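Student: Data file start.csv (CSV, C-alpha atoms (C1' of nucleotides)) is appended below.
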chain,number,residue,atom,x,y,z
A,769,MET,CA,-108.3,-33.7,-21.5
A,770,PRO,CA,-109.0,-31.3,-18.8
A,771,GLU,CA,-111.9,-29.0,-19.2
A,772,LEU,CA,-112.9,-25.9,-17.2
A,773,PRO,CA,-113.7,-27.8,-13.9
A,774,GLU,CA,-110.4,-29.7,-14.0
A,775,VAL,CA,-108.3,-26.6,-14.8
A,776,GLU,CA,-110.1,-24.7,-12.0
A,777,THR,CA,-109.3,-27.5,-9.5
A,778,ILE,CA,-105.6,-27.4,-10.5
A,779,LYS,CA,-105.6,-23.6,-10.1
A,780,THR,CA,-107.1,-23.6,-6.6
A,781,ASP,CA,-104.8,-26.5,-5.5
A,782,LEU,CA,-101.7,-24.8,-6.7
A,783,GLU,CA,-102.6,-21.4,-5.3
A,784,LYS,CA,-102.2,-22.9,-1.8
A,785,VAL,CA,-98.7,-24.2,-2.4
A,786,ILE,CA,-96.8,-22.3,-5.1
A,787,LEU,CA,-97.7,-18.6,-4.6
A,788,ASN,CA,-94.8,-16.5,-3.4
A,789,GLN,CA,-92.3,-19.2,-4.1
A,790,THR,CA,-89.3,-18.6,-6.4
A,791,ILE,CA,-88.5,-20.9,-9.3
A,792,THR,CA,-84.9,-21.9,-8.7
A,793,LYS,CA,-84.4,-24.2,-11.7
A,794,VAL,CA,-86.3,-25.0,-14.9
A,795,ASP,CA,-85.7,-28.3,-16.9
A,796,VAL,CA,-87.2,-28.8,-20.3
A,797,LEU,CA,-87.1,-32.5,-21.1
A,798,ARG,CA,-89.4,-32.2,-24.2
A,799,ALA,CA,-88.7,-29.1,-26.1
A,800,SER,CA,-91.7,-29.4,-28.4
A,801,VAL,CA,-94.1,-28.5,-25.6
A,802,VAL,CA,-92.5,-25.0,-25.2
A,803,LYS,CA,-93.9,-23.0,-28.0
A,804,GLN,CA,-92.7,-19.5,-27.1
A,805,PRO,CA,-90.0,-18.1,-26.8
A,806,GLU,CA,-87.1,-20.3,-27.7
A,807,ILE,CA,-86.0,-22.7,-24.9
A,808,ASN,CA,-83.1,-20.7,-23.5
A,809,LYS,CA,-85.1,-17.5,-23.2
A,810,PHE,CA,-88.0,-19.5,-21.7
A,811,LYS,CA,-85.7,-20.9,-19.1
A,812,ALA,CA,-83.9,-17.7,-18.4
A,813,GLY,CA,-87.1,-15.8,-18.0
A,814,LEU,CA,-88.4,-18.2,-15.4
A,815,THR,CA,-85.3,-19.0,-13.5
A,816,ASN,CA,-85.3,-17.0,-10.2
A,817,ALA,CA,-88.7,-15.6,-11.0
A,818,LEU,CA,-91.3,-15.1,-8.2
A,819,ILE,CA,-94.8,-16.7,-8.6
A,820,LYS,CA,-97.4,-14.1,-7.9
A,821,GLN,CA,-100.8,-15.2,-9.1
A,822,ILE,CA,-102.6,-17.9,-10.9
A,823,ILE,CA,-105.4,-17.1,-13.4
A,824,ARG,CA,-107.7,-19.4,-15.4
A,825,ARG,CA,-109.4,-18.4,-18.6
A,826,GLY,CA,-111.4,-21.2,-20.3
A,827,LYS,CA,-109.1,-24.2,-20.2
A,828,LEU,CA,-105.9,-22.0,-20.1
A,829,LEU,CA,-103.9,-21.6,-16.9
A,830,VAL,CA,-101.9,-18.4,-16.6
A,831,ILE,CA,-99.2,-18.0,-14.0
A,832,ASP,CA,-98.3,-14.5,-13.3
A,833,ILE,CA,-94.6,-14.2,-12.4
A,834,GLN,CA,-92.1,-11.4,-11.6
A,835,THR,CA,-88.7,-12.1,-13.2
A,836,LYS,CA,-85.4,-11.7,-11.4
A,837,ASP,CA,-85.1,-8.2,-13.0
A,838,LYS,CA,-88.6,-7.3,-11.8
A,839,LYS,CA,-90.5,-7.6,-15.0
A,840,THR,CA,-94.0,-9.1,-15.1
A,841,LEU,CA,-94.4,-12.1,-17.4
A,842,TYR,CA,-97.0,-14.8,-17.8
A,843,LEU,CA,-96.4,-18.5,-18.1
A,844,THR,CA,-99.4,-19.9,-20.0
A,845,ILE,CA,-100.2,-23.6,-19.9
A,846,HIS,CA,-102.7,-25.4,-22.0
A,847,LEU,CA,-103.0,-29.0,-20.9
A,848,ARG,CA,-104.8,-30.2,-24.1
A,849,MET,CA,-105.5,-33.9,-23.8
A,850,THR,CA,-103.1,-35.4,-21.3
A,851,GLY,CA,-101.3,-32.5,-19.6
A,852,GLN,CA,-100.9,-32.5,-15.8
A,853,LEU,CA,-99.5,-29.9,-13.5
A,854,VAL,CA,-98.5,-31.5,-10.3
A,855,TYR,CA,-96.9,-30.1,-7.2
A,856,GLY,CA,-94.6,-32.3,-5.1
A,857,ALA,CA,-91.6,-34.5,-5.7
A,858,LEU,CA,-89.8,-34.5,-9.0
A,859,ASP,CA,-91.7,-36.8,-11.5
A,860,LYS,CA,-89.4,-38.9,-13.7
A,861,LYS,CA,-92.0,-38.6,-16.5
A,862,ALA,CA,-92.1,-34.8,-16.4
A,863,ARG,CA,-91.8,-33.0,-19.7
A,864,VAL,CA,-90.9,-29.8,-18.0
A,865,SER,CA,-90.0,-29.4,-14.3
A,866,PHE,CA,-89.8,-26.3,-12.1
A,867,LYS,CA,-87.8,-26.5,-8.9
A,868,LEU,CA,-89.2,-24.2,-6.2
A,869,SER,CA,-87.5,-22.3,-3.4
A,870,ASN,CA,-88.8,-24.8,-0.7
A,871,GLY,CA,-87.2,-27.7,-2.6
A,872,ASP,CA,-90.4,-29.1,-4.0
A,873,TYR,CA,-91.2,-29.3,-7.7
A,874,LEU,CA,-94.0,-28.2,-10.0
A,875,CYS,CA,-94.0,-30.8,-12.8
A,876,TYR,CA,-95.6,-30.5,-16.2
A,877,ASN,CA,-96.5,-34.1,-17.3
A,878,ASP,CA,-98.0,-34.8,-20.7
A,879,GLN,CA,-98.1,-38.3,-22.1
A,880,ARG,CA,-99.2,-37.2,-25.6
A,881,THR,CA,-97.2,-34.0,-25.6
A,882,LEU,CA,-100.0,-32.1,-27.2
A,883,GLY,CA,-99.9,-29.4,-24.5
A,884,GLU,CA,-98.5,-25.9,-24.9
A,885,LEU,CA,-96.4,-23.8,-22.6
A,886,ARG,CA,-95.6,-20.1,-23.4
A,887,LEU,CA,-93.9,-17.3,-21.6
A,888,VAL,CA,-95.3,-14.0,-22.7
A,889,LYS,CA,-95.6,-10.3,-21.8
A,890,ASP,CA,-99.3,-10.0,-22.4
A,891,TRP,CA,-101.4,-13.2,-22.2
A,892,LYS,CA,-104.6,-11.5,-23.2
A,893,GLN,CA,-103.0,-10.7,-26.6
A,894,LEU,CA,-102.5,-14.4,-27.3
A,895,SER,CA,-104.8,-15.2,-30.2
A,896,VAL,CA,-106.5,-18.1,-28.4
A,897,VAL,CA,-107.4,-15.7,-25.6
A,898,ALA,CA,-108.4,-12.8,-27.8
A,899,LYS,CA,-110.9,-15.1,-29.7
A,900,MET,CA,-112.2,-16.9,-26.7
A,901,GLY,CA,-115.9,-16.8,-25.9
A,902,PRO,CA,-117.4,-15.9,-22.5
A,903,GLU,CA,-116.6,-17.7,-19.2
A,904,PRO,CA,-119.7,-19.8,-18.6
A,905,LEU,CA,-119.6,-19.3,-14.9
A,906,SER,CA,-119.2,-15.6,-15.0
A,907,SER,CA,-121.8,-12.8,-15.3
A,908,GLU,CA,-120.6,-12.1,-18.8
A,909,PHE,CA,-122.4,-15.3,-19.8
A,910,LYS,CA,-126.0,-14.2,-20.3
A,911,LEU,CA,-129.1,-16.1,-21.3
A,912,ASN,CA,-130.3,-13.5,-23.9
A,913,LEU,CA,-127.0,-13.4,-25.7
A,914,PHE,CA,-126.7,-17.2,-25.6
A,915,ALA,CA,-130.2,-17.5,-27.1
A,916,LYS,CA,-129.4,-14.8,-29.7
A,917,ILE,CA,-126.2,-16.6,-30.9
A,918,LEU,CA,-127.9,-20.0,-31.0
A,919,ALA,CA,-130.7,-18.7,-33.1
A,920,LYS,CA,-128.2,-17.6,-35.8
A,921,ARG,CA,-126.2,-20.8,-35.9
A,922,SER,CA,-127.0,-23.7,-38.2
A,923,ALA,CA,-124.2,-25.9,-36.6
A,924,LYS,CA,-125.1,-28.9,-34.6
A,925,ILE,CA,-125.4,-28.0,-30.9
A,926,LYS,CA,-122.8,-30.4,-29.5
A,927,PRO,CA,-119.9,-29.4,-31.7
A,928,LEU,CA,-120.9,-25.8,-31.2
A,929,LEU,CA,-120.6,-26.2,-27.4
A,930,LEU,CA,-117.0,-27.5,-27.9
A,931,ASP,CA,-116.1,-24.4,-29.9
A,932,GLN,CA,-114.0,-22.2,-27.6
A,933,HIS,CA,-114.8,-19.1,-29.6
A,934,PHE,CA,-118.5,-19.6,-28.7
A,935,ILE,CA,-118.1,-20.4,-25.0
A,936,ALA,CA,-114.8,-21.0,-23.2
A,937,GLY,CA,-114.0,-24.1,-21.2
A,938,ILE,CA,-116.5,-26.7,-22.2
A,939,GLY,CA,-115.1,-30.0,-23.6
A,940,ASN,CA,-116.4,-33.3,-24.7
A,941,ILE,CA,-117.5,-34.6,-21.3
A,942,TYR,CA,-119.5,-31.5,-20.1
A,943,ALA,CA,-121.0,-30.9,-23.5
A,944,ALA,CA,-122.5,-34.4,-23.4
A,945,GLU,CA,-123.6,-34.2,-19.8
A,946,ALA,CA,-125.2,-30.7,-20.2
A,947,LEU,CA,-127.2,-31.9,-23.3
A,948,PHE,CA,-128.4,-35.0,-21.4
A,949,LEU,CA,-129.6,-32.9,-18.5
A,950,SER,CA,-131.4,-30.6,-20.9
A,951,LYS,CA,-132.9,-33.6,-22.8
A,952,ILE,CA,-131.5,-32.3,-26.1
A,953,MET,CA,-130.1,-34.6,-28.8
A,954,PRO,CA,-126.5,-33.7,-29.6
A,955,ASP,CA,-127.1,-33.4,-33.3
A,956,ARG,CA,-129.9,-30.9,-33.1
A,957,LEU,CA,-129.2,-27.7,-35.0
A,958,ALA,CA,-128.5,-24.8,-32.7
A,959,CYS,CA,-131.1,-22.7,-34.3
A,960,SER,CA,-133.7,-25.4,-33.8
A,961,LEU,CA,-133.7,-25.2,-30.0
A,962,LYS,CA,-136.9,-23.8,-28.5
A,963,PRO,CA,-136.7,-21.0,-25.9
A,964,ASP,CA,-137.4,-23.5,-23.1
A,965,GLU,CA,-134.6,-25.7,-24.3
A,966,VAL,CA,-132.2,-22.8,-24.6
A,967,LYS,CA,-133.0,-21.8,-21.0
A,968,LEU,CA,-132.6,-25.3,-19.7
A,969,LEU,CA,-129.3,-25.7,-21.5
A,970,PHE,CA,-128.0,-22.4,-20.2
A,971,LYS,CA,-128.9,-23.4,-16.7
A,972,ASN,CA,-127.4,-26.9,-17.0
A,973,ILE,CA,-124.1,-25.8,-18.4
A,974,LYS,CA,-123.6,-23.7,-15.3
A,975,GLN,CA,-124.9,-26.5,-13.1
A,976,VAL,CA,-122.8,-29.3,-14.4
A,977,LEU,CA,-119.6,-27.2,-14.4
A,978,ASN,CA,-120.2,-26.1,-10.8
A,979,LYS,CA,-121.0,-29.7,-9.6
A,980,ALA,CA,-117.8,-30.9,-11.4
A,981,ILE,CA,-115.7,-28.3,-9.6
A,982,LYS,CA,-117.2,-29.3,-6.3
A,983,CYS,CA,-116.2,-32.9,-7.1
A,984,ARG,CA,-112.7,-31.7,-8.1
A,985,GLY,CA,-113.1,-32.7,-11.8
A,986,SER,CA,-113.5,-35.9,-13.7
A,987,SER,CA,-110.7,-38.5,-14.0
A,988,PHE,CA,-112.1,-40.5,-16.9
A,989,SER,CA,-108.5,-41.2,-17.9
A,990,ASP,CA,-105.4,-39.1,-17.3
A,991,TYR,CA,-106.7,-36.1,-15.4
A,992,ARG,CA,-105.0,-35.4,-12.1
A,993,ASP,CA,-105.4,-32.4,-9.8
A,994,GLY,CA,-102.5,-30.2,-8.5
A,995,HIS,CA,-101.4,-32.9,-6.1
A,996,GLY,CA,-101.6,-35.8,-8.6
A,997,GLN,CA,-104.9,-37.1,-7.2
A,998,LYS,CA,-108.0,-38.1,-9.3
A,999,GLY,CA,-111.2,-36.2,-9.5
A,1000,ASN,CA,-114.6,-37.7,-8.5
A,1001,PHE,CA,-117.1,-36.4,-11.0
A,1002,SER,CA,-116.8,-39.4,-13.3
A,1003,GLN,CA,-119.0,-41.3,-10.8
A,1004,HIS,CA,-121.8,-38.8,-11.6
A,1005,PHE,CA,-121.7,-39.2,-15.4
A,1006,TYR,CA,-125.1,-39.9,-17.0
A,1007,VAL,CA,-123.9,-40.5,-20.5
A,1008,TYR,CA,-120.2,-39.9,-21.1
A,1009,GLY,CA,-118.3,-43.1,-21.6
A,1010,ARG,CA,-121.4,-45.2,-20.8
A,1011,LYS,CA,-122.0,-46.7,-24.3
A,1012,ALA,CA,-124.4,-49.7,-24.1
A,1013,GLN,CA,-125.0,-49.2,-20.4
A,1014,PRO,CA,-128.5,-48.5,-19.1
A,1015,CYS,CA,-129.7,-44.9,-18.9
A,1016,LEU,CA,-129.8,-43.9,-15.2
A,1017,VAL,CA,-133.2,-42.3,-15.8
A,1018,CYS,CA,-135.1,-44.6,-18.2
A,1019,LYS,CA,-132.9,-47.8,-18.5
A,1020,ASN,CA,-132.6,-47.4,-22.3
A,1021,LYS,CA,-129.2,-48.2,-23.6
A,1022,ILE,CA,-126.8,-45.2,-24.0
A,1023,GLN,CA,-125.6,-44.8,-27.5
A,1024,ARG,CA,-122.4,-43.5,-29.0
A,1025,ILE,CA,-122.0,-41.7,-32.3
A,1026,ALA,CA,-119.3,-39.5,-33.8
A,1027,LEU,CA,-120.0,-35.8,-34.3
A,1028,GLY,CA,-117.3,-33.6,-35.6
A,1029,GLY,CA,-114.9,-36.6,-35.1
A,1030,ARG,CA,-115.6,-36.7,-31.4
A,1031,GLY,CA,-117.2,-39.5,-29.5
A,1032,THR,CA,-120.7,-38.4,-28.5
A,1033,PHE,CA,-122.9,-40.2,-25.9
A,1034,PHE,CA,-126.6,-39.8,-25.4
A,1035,CYS,CA,-129.8,-41.5,-24.4
A,1036,GLY,CA,-132.1,-41.8,-27.5
A,1037,LYS,CA,-135.2,-41.9,-25.3
A,1038,CYS,CA,-134.5,-39.1,-22.8
A,1039,GLN,CA,-133.0,-36.7,-25.4
A,1040,VAL,CA,-135.1,-35.3,-28.2
B,1326,DC,C1',-120.6,-20.4,-41.9
B,1327,DG,C1',-120.4,-25.7,-41.6
B,1328,DG,C1',-118.3,-29.9,-41.7
B,1329,DG,C1',-114.9,-33.4,-43.0
B,1330,DG,C1',-110.3,-34.8,-42.9
B,1331,DC,C1',-105.8,-34.4,-41.3
B,1332,DT,C1',-102.2,-33.1,-38.0
B,1333,DC,C1',-99.6,-32.6,-33.7
B,1334,DC,C1',-98.1,-37.2,-30.1
B,1335,DT,C1',-98.2,-41.5,-27.1
B,1336,DG,C1',-100.4,-45.3,-25.1
B,1337,DT,C1',-104.0,-48.8,-24.3
B,1338,DG,C1',-107.3,-52.1,-25.4
B,1339,DC,C1',-109.7,-55.0,-28.6
B,1340,DG,C1',-110.4,-58.3,-32.4
B,1341,DC,C1',-108.4,-61.5,-35.3
C,1128,DT,C1',-98.3,-63.8,-28.3
C,1129,DG,C1',-98.3,-60.5,-32.0
C,1130,DC,C1',-100.2,-57.1,-35.1
C,1131,DG,C1',-102.9,-53.5,-36.7
C,1132,DC,C1',-106.6,-50.6,-35.9
C,1133,DA,C1',-109.6,-47.6,-33.2
C,1134,DC,C1',-109.8,-44.5,-29.8
C,1135,DA,C1',-108.5,-41.0,-26.2
C,1136,DG,C1',-111.0,-34.7,-21.5
C,1137,DG,C1',-108.1,-30.6,-27.5
C,1138,DA,C1',-107.8,-27.6,-31.2
C,1139,DG,C1',-105.8,-25.4,-35.4
C,1140,DC,C1',-105.5,-25.7,-40.4
C,1141,DC,C1',-106.9,-26.5,-45.2
C,1142,DC,C1',-110.4,-27.5,-48.4
C,1143,DC,C1',-115.0,-28.0,-50.4
Show this structure as structure tokens.
Tutor:
Amino acid sequence: MPELPEVETIKTDLEKVILNQTITKVDVLRASVVKQPEINKFKAGLTNALIKQIIRRGKLLVIDIQTKDKKTLYLTIHLRMTGQLVYGALDKKARVSFKLSNGDYLCYNDQRTLGELRLVKDWKQLSVVAKMGPEPLSSEFKLNLFAKILAKRSAKIKPLLLDQHFIAGIGNIYAAEALFLSKIMPDRLACSLKPDEVKLLFKNIKQVLNKAIKCRGSSFSDYRDGHGQKGNFSQHFYVYGRKAQPCLVCKNKIQRIALGGRGTFFCGKCQV
DNA sequence: CGGGGCTCCTGTGCGC
DNA sequence: TGCGCACAGGAGCCCC
């Protein structure tokens, strides 16, 4: 569900309310979402731990904690499709809940339970993190490297944008929107993009992610911010979820196809 | 390397 | 109303 802008919104929301609080109680109501270590160790490590810092890498949230015996550990949370991390009152639907020192709760909700929570010593050594591509909004994401990699790849551009080893944090919504803004058909082969198109796509990836962050993310369906509120970027979608509706630029009907098993929206007239 | 299919789950909406 | 199927912001795995 949540992509980079949504996870970033949750991060900044939670930074204002959970930093320097102690976790006084941990309840795991759905054991399958806790992947590492086993439940009792997970709970023991977090109980009476101090929340020090929140980090985002791609779609992964990393909460830096100091345990009651002064060790540094990291709680990593991947929200997958329907995960939510909401601060406030205890939610009856929570899969995992953390009671905080001020009496409020941090609830991990997840309808489909595909999300993953881990408590680890070194989050950068997790294989998902080690294999992750560059952060698209950081200076490590460079046009010449982007162009070089695209030139070598024969995969279709849209599934490639979703590949977290290639770039971190882009999901189905922002891949579709960035390609629309760049006037590129989602099924074009990466190596077929012309230099101007590569440049445009590079710029639009950054632009659409930044705009979505300003709008506090997209609540197409389940996404909620750190306070349980919806994001506003869905109002600005050009193509995502707009099958059969008129293109906002040329009035042509937006089409939907499947690419790599994922719904893919585009305008057949604006995109080439 | 690329892509298809399947899997982890739960819920909603649509067509018949 | 009821049932079955398609589909959903993700991503890993196996196989060809």
Student: To one decimal place in Å, what is the distance between atom CA of A:Arg886 and atom CA of A:Leu818?
Tutor: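 If I compute the distance from atom CA of A:Arg886 to atom CA of A:Leu818, I get 16.6 Å.
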Student: Starting from chain A, keep only residues with some atom at most 7 Å from an atom of chain C, counting only C-alpha atoms (C1' of nucleotides), and report them as a PDB file with C-alpha atoms, keeping the file's coordinate frame.
Tutor:
ATOM      1  CA  MET A 769    -108.300 -33.700 -21.500  1.00  0.00           C
ATOM      2  CA  PRO A 770    -109.000 -31.300 -18.800  1.00  0.00           C
ATOM      3  CA  GLU A 771    -111.900 -29.000 -19.200  1.00  0.00           C
ATOM      4  CA  ARG A 848    -104.800 -30.200 -24.100  1.00  0.00           C
ATOM      5  CA  MET A 849    -105.500 -33.900 -23.800  1.00  0.00           C
ATOM      6  CA  GLY A 939    -115.100 -30.000 -23.600  1.00  0.00           C
ATOM      7  CA  ASN A 940    -116.400 -33.300 -24.700  1.00  0.00           C
ATOM      8  CA  ILE A 941    -117.500 -34.600 -21.300  1.00  0.00           C
TER       9      ILE A 941
END
Student: Kindly determine which residues of chain B lie within 10 Å of chain A, considering all atoms listed in the file, and give the answer as a CSV table (one decimal) with C-alpha atoms (C1' of nucleotides), in the frame of the given file.
Tutor:
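And here is the file that came out, selection.csv:
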chain,number,residue,atom,x,y,z
B,1326,DC,C1',-120.6,-20.4,-41.9
B,1327,DG,C1',-120.4,-25.7,-41.6
B,1328,DG,C1',-118.3,-29.9,-41.7
B,1329,DG,C1',-114.9,-33.4,-43.0
B,1330,DG,C1',-110.3,-34.8,-42.9
B,1333,DC,C1',-99.6,-32.6,-33.7
B,1334,DC,C1',-98.1,-37.2,-30.1
B,1335,DT,C1',-98.2,-41.5,-27.1
B,1336,DG,C1',-100.4,-45.3,-25.1
Student: I want to know what sits within 9 Å of A:Ser950, based on only C-alpha atoms (C1' of nucleotides), with residues of the same chain fewer than 4 positions away left out; could you give that as a count of residues only?
Tutor: 11
Student: Name all residues at most 9 Å from stretch 851-857 of chain A (count all atoms listed in the file; drop same-chain ones fewer than 3 positions away) and give them as a ChimeraX atom specification.
Tutor: /A:769-770,778,781-782,785-786,845-848,871-884,990-996
Student: Would you be able to write out as JSON, numbers by chain which residues have an atom within 9 Å of (-99.5, -16.7, -21.0) in the file's coordinates, counting all atoms listed in the file?
Tutor: {"A": [828, 829, 830, 831, 832, 841, 842, 843, 844, 845, 885, 886, 887, 888, 889, 890, 891, 892, 893, 894]}
Student: Nearest to A:Thr792: which of A:Pro805, A:Pro963, A:Gly813, A:Gly1009 is it, counting only C-alpha atoms?
Tutor: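 For A:Thr792, the nearest of the given residues is A:Gly813.
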Student: Residues at most 9 Å from stretch 926-930 of chain A, counting only C-alpha atoms (C1' of nucleotides), excluding those fewer than 4 positions away in the same chain, as a PDB file with C-alpha atoms, in the coordinates of the input?
Tutor:
ATOM      1  CA  ARG A 921    -126.200 -20.800 -35.900  1.00  0.00           C
ATOM      2  CA  PHE A 934    -118.500 -19.600 -28.700  1.00  0.00           C
ATOM      3  CA  ILE A 935    -118.100 -20.400 -25.000  1.00  0.00           C
ATOM      4  CA  ALA A 936    -114.800 -21.000 -23.200  1.00  0.00           C
ATOM      5  CA  GLY A 937    -114.000 -24.100 -21.200  1.00  0.00           C
ATOM      6  CA  ILE A 938    -116.500 -26.700 -22.200  1.00  0.00           C
ATOM      7  CA  GLY A 939    -115.100 -30.000 -23.600  1.00  0.00           C
ATOM      8  CA  ASN A 940    -116.400 -33.300 -24.700  1.00  0.00           C
ATOM      9  CA  ALA A 943    -121.000 -30.900 -23.500  1.00  0.00           C
ATOM     10  CA  ALA A 944    -122.500 -34.400 -23.400  1.00  0.00           C
ATOM     11  CA  LEU A 947    -127.200 -31.900 -23.300  1.00  0.00           C
ATOM     12  CA  MET A 953    -130.100 -34.600 -28.800  1.00  0.00           C
ATOM     13  CA  PRO A 954    -126.500 -33.700 -29.600  1.00  0.00           C
ATOM     14  CA  ASP A 955    -127.100 -33.400 -33.300  1.00  0.00           C
ATOM     15  CA  ARG A 956    -129.900 -30.900 -33.100  1.00  0.00           C
ATOM     16  CA  LEU A 957    -129.200 -27.700 -35.000  1.00  0.00           C
ATOM     17  CA  ALA A 958    -128.500 -24.800 -32.700  1.00  0.00           C
ATOM     18  CA  LEU A1027    -120.000 -35.800 -34.300  1.00  0.00           C
ATOM     19  CA  GLY A1028    -117.300 -33.600 -35.600  1.00  0.00           C
ATOM     20  CA  ARG A1030    -115.600 -36.700 -31.400  1.00  0.00           C
ATOM     21  CA  THR A1032    -120.700 -38.400 -28.500  1.00  0.00           C
TER      22      THR A1032
END
Student: Between atom CA of A:Lys916 and atom CA of A:Pro773, what is the distance in Å, rounded to a tenth?
Tutor: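 About the pair atom CA of A:Lys916 and atom CA of A:Pro773: they are 25.8 Å apart.
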Student: Quick one, how far is atom CA of A:Gln789 from atom CA of A:Gly999?
Tutor: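 Straight-line distance from atom CA of A:Gln789 to atom CA of A:Gly999 works out to 26.0 Å.
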Student: May I have the residues within 9 Å of A:Leu787 as a PyMOL selection string, using all atoms listed in the file and disregarding those fewer than 3 positions away in the same chain?
Tutor: chain A and resi 782-784+790+818-822
Student: List the spatial neighbours of A:Arg1024 as a PyMOL selection string - criterion: any atom at most 7 Å away, only C-alpha atoms (C1' of nucleotides), same-chain residues fewer than 4 positions off excluded.
Tutor: chain A and resi 1011+1031-1034
Student: Please write the residues from the selection above to a file, keeping C-alpha atoms, as an mmCIF file, in the frame of the given file.
Tutor:
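Wrote selection-v4.cif, looks like this:
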data_model
loop_
_atom_site.group_PDB
_atom_site.id
_atom_site.type_symbol
_atom_site.label_atom_id
_atom_site.label_comp_id
_atom_site.auth_asym_id
_atom_site.auth_seq_id
_atom_site.Cartn_x
_atom_site.Cartn_y
_atom_site.Cartn_z
ATOM 1 C CA LYS A 1011 -122.000 -46.700 -24.300
ATOM 2 C CA GLY A 1031 -117.200 -39.500 -29.500
ATOM 3 C CA THR A 1032 -120.700 -38.400 -28.500
ATOM 4 C CA PHE A 1033 -122.900 -40.200 -25.900
ATOM 5 C CA PHE A 1034 -126.600 -39.800 -25.400
#
